[in-house]
Amino acid sequence: MTHNDDETEELPDALIEALKSADEAVPLITARVDREVLKMARDQFADRKPAWRRRPAWTAVAATALIAIFVVQLDEPTQQVNLSMQAARPADITDVLKLARERAGDPAAQVEIDALAMRVVSLSPAGASQ
Amino acid sequence: MRNSIIALVLLSLGTFGHSYADEANIRFAAVDVYLDSAEPVAAWQFELGDRAGVMKVVGVEQGDSPAYARAPYYDREAVRLGEADRIIVADYSLADVVELPSGRVRVATVHLMLSSDDDADFNLFLVTATTYDGVVTDARISLDVRTGSEQ
């Protein structure tokens, strides 16, 4: 008898009884039962698509969203370039005409119109026509 | 003392001779600029330069169309300072379409000082010409030079 056996014998009776009642026989699953359970499970979930086949719907949504974001990001710099190109385009007398028509009837606008026109015809490097 | 007086006299003669020679080479010319458009023109802009580098713009005069009665826009400060070896001239009109000029019309006259006996090699191009609707029209631009007694 070992030292551990001595300690086991010293366990309280209530605990020993509880352990004995918990020590039930292990249910025996035979190969036949295992196959039957497997067959029932397969029949039950026969109509259900596997996970890898259910995923494409969400994958498509996510891919579409990513592509949309990518396209928007691609498009934004183009718009910025277009805007900068428009801004870089030298003003000409057509812009002055447009401004004059927009501000027709406003006597205070003539100063602004003349200023734009003078920028159009300026010979200095800062002039719009350069 | 006598040598100094002679030197001063020669220097004065040399300076006078140099100025006289410079002035002798200066000529004036007027360049009439014509716009030819099938459609009435509500705004126009041209640039005139000189590849020979002998011209200075001394003034710009309006053209013949009543729709453009005032002097056109140009860089008056550069002209005043004698720095306009090229010129950009432009004008617009808010007149009704029936009053706008079409066909061949003189839109401006550019007055020039030519600082050499060599002829100027004018470079005239139309920047834009716009119809009443604000659309760029396919117009042609040309010039006619008047010099000396022709003016």
# chains A, B, ... in the order shown; residues from 1 in each chain; ligands from 1

call {"tool": "closest_atom_pairs", "arguments": {"of": "chain A", "to": "chain B", "cutoff": "7 Å", "atoms": "only C-alpha atoms", "output": "CSV"}}
result
residue,atom,partner,partner_atom,distance
A:Ile93,CA,B:Gln45,CA,6.3
A:Thr94,CA,B:Ala43,CA,6.3
A:Leu97,CA,B:Tyr92,CA,5.8
A:Ala117,CA,B:Tyr73,CA,6.6
A:Met118,CA,B:Tyr73,CA,6.5
A:Val121,CA,B:Ile88,CA,5.0
A:Ser122,CA,B:Asp75,CA,5.2
A:Leu123,CA,B:Asp75,CA,6.4

call {"tool": "write_last_selection", "arguments": {"atoms": "N, CA and C atoms", "output": "JSON list (two decimals), in the first residue's frame"}}
result
[["chain", "number", "residue", "atom", "x", "y", "z"],
["A", 93, "ILE", "N", -11.22, 85.79, -72.94],
["A", 93, "ILE", "CA", -12.28, 86.79, -73.01],
["A", 93, "ILE", "C", -13.67, 86.14, -72.94],
["A", 94, "THR", "N", -13.75, 84.86, -73.27],
["A", 94, "THR", "CA", -15.03, 84.16, -73.12],
["A", 94, "THR", "C", -15.46, 84.12, -71.66],
["A", 97, "LEU", "N", -16.81, 87.52, -70.88],
["A", 97, "LEU", "CA", -18.17, 87.65, -71.41],
["A", 97, "LEU", "C", -19.19, 86.95, -70.51],
["A", 117, "ALA", "N", -10.72, 90.97, -67.15],
["A", 117, "ALA", "CA", -10.30, 91.25, -68.53],
["A", 117, "ALA", "C", -8.83, 91.68, -68.57],
["A", 118, "MET", "N", -8.42, 92.49, -67.60],
["A", 118, "MET", "CA", -7.03, 92.94, -67.58],
["A", 118, "MET", "C", -6.09, 91.78, -67.28],
["A", 121, "VAL", "N", -5.50, 89.91, -70.57],
["A", 121, "VAL", "CA", -4.61, 90.53, -71.58],
["A", 121, "VAL", "C", -3.24, 90.89, -70.99],
["A", 122, "SER", "N", -3.02, 90.55, -69.73],
["A", 122, "SER", "CA", -1.77, 90.92, -69.10],
["A", 122, "SER", "C", -0.58, 90.27, -69.79],
["A", 123, "LEU", "N", 0.49, 91.02, -69.97],
["A", 123, "LEU", "CA", 1.71, 90.49, -70.59],
["A", 123, "LEU", "C", 2.69, 89.95, -69.55]]

call {"tool": "atom_distance", "arguments": {"atom1": "atom CA of Val97 of chain B", "atom2": "atom CA of Asp36 of chain B"}}
result
16.2 Å

call {"tool": "residues_around", "arguments": {"residues": "Asp144 of chain B", "least_positions_apart": "6", "cutoff": "10 Å", "atoms": "only C-alpha atoms", "output": "JSON, numbers by chain"}}
result
{"B": [30, 31, 32, 33, 34, 106, 109]}

call {"tool": "write_last_selection", "arguments": {"atoms": "N, CA and C atoms", "output": "PDB file, in the first residue's frame"}}
result
ATOM      1  N   ALA B  30       0.938 101.230 -88.261  1.00  0.00           N
ATOM      2  CA  ALA B  30      -0.362 100.859 -87.687  1.00  0.00           C
ATOM      3  C   ALA B  30      -0.784  99.527 -88.298  1.00  0.00           C
ATOM      4  N   VAL B  31      -1.155  98.622 -87.433  1.00  0.00           N
ATOM      5  CA  VAL B  31      -1.568  97.298 -87.892  1.00  0.00           C
ATOM      6  C   VAL B  31      -3.072  97.166 -87.671  1.00  0.00           C
ATOM      7  N   ASP B  32      -3.813  97.109 -88.751  1.00  0.00           N
ATOM      8  CA  ASP B  32      -5.255  96.885 -88.667  1.00  0.00           C
ATOM      9  C   ASP B  32      -5.502  95.381 -88.567  1.00  0.00           C
ATOM     10  N   VAL B  33      -6.236  95.005 -87.561  1.00  0.00           N
ATOM     11  CA  VAL B  33      -6.504  93.577 -87.351  1.00  0.00           C
ATOM     12  C   VAL B  33      -7.965  93.307 -87.707  1.00  0.00           C
ATOM     13  N   TYR B  34      -8.156  92.332 -88.575  1.00  0.00           N
ATOM     14  CA  TYR B  34      -9.495  91.996 -89.063  1.00  0.00           C
ATOM     15  C   TYR B  34      -9.909  90.601 -88.594  1.00  0.00           C
ATOM     16  N   ARG B 106     -12.926  95.071 -89.003  1.00  0.00           N
ATOM     17  CA  ARG B 106     -11.718  95.499 -88.272  1.00  0.00           C
ATOM     18  C   ARG B 106     -12.076  95.575 -86.797  1.00  0.00           C
ATOM     19  N   THR B 109      -6.930  98.368 -84.113  1.00  0.00           N
ATOM     20  CA  THR B 109      -5.710  98.822 -84.786  1.00  0.00           C
ATOM     21  C   THR B 109      -4.627  98.958 -83.729  1.00  0.00           C
TER      22      THR B 109
END

call {"tool": "residues_around", "arguments": {"residues": "Arg70 of chain B", "least_positions_apart": "3", "cutoff": "9 Å", "atoms": "only C-alpha atoms", "output": "count of residues only"}}
result
6

call {"tool": "residues_around", "arguments": {"residues": "Arg104 of chain B", "least_positions_apart": "4", "cutoff": "10 Å", "atoms": "only C-alpha atoms", "output": "PyMOL selection string"}}
result
chain B and resi 34-38+139-142

call {"tool": "residues_around", "arguments": {"residues": "Asp95 of chain A", "least_positions_apart": "4", "cutoff": "9 Å", "atoms": "only C-alpha atoms", "output": "list in words"}}
result
Ala91, Leu99, Ala100, Leu116 and Ala117 of chain A

call {"tool": "residues_around", "arguments": {"residues": "Ala120 of chain B", "least_positions_apart": "3", "cutoff": "9 Å", "atoms": "only C-alpha atoms", "output": "list in words"}}
result
Asp50, Arg51, Ala52, Gly53, Val54, Met55, Leu114 and Ser116 of chain B

call {"tool": "atom_distance", "arguments": {"atom1": "atom CA of Val57 of chain B", "atom2": "atom CA of Asp121 of chain B"}}
result
14.1 Å

call {"tool": "atom_distance", "arguments": {"atom1": "atom CA of Ala109 of chain A", "atom2": "atom CA of Ala108 of chain B"}}
result
25.1 Å
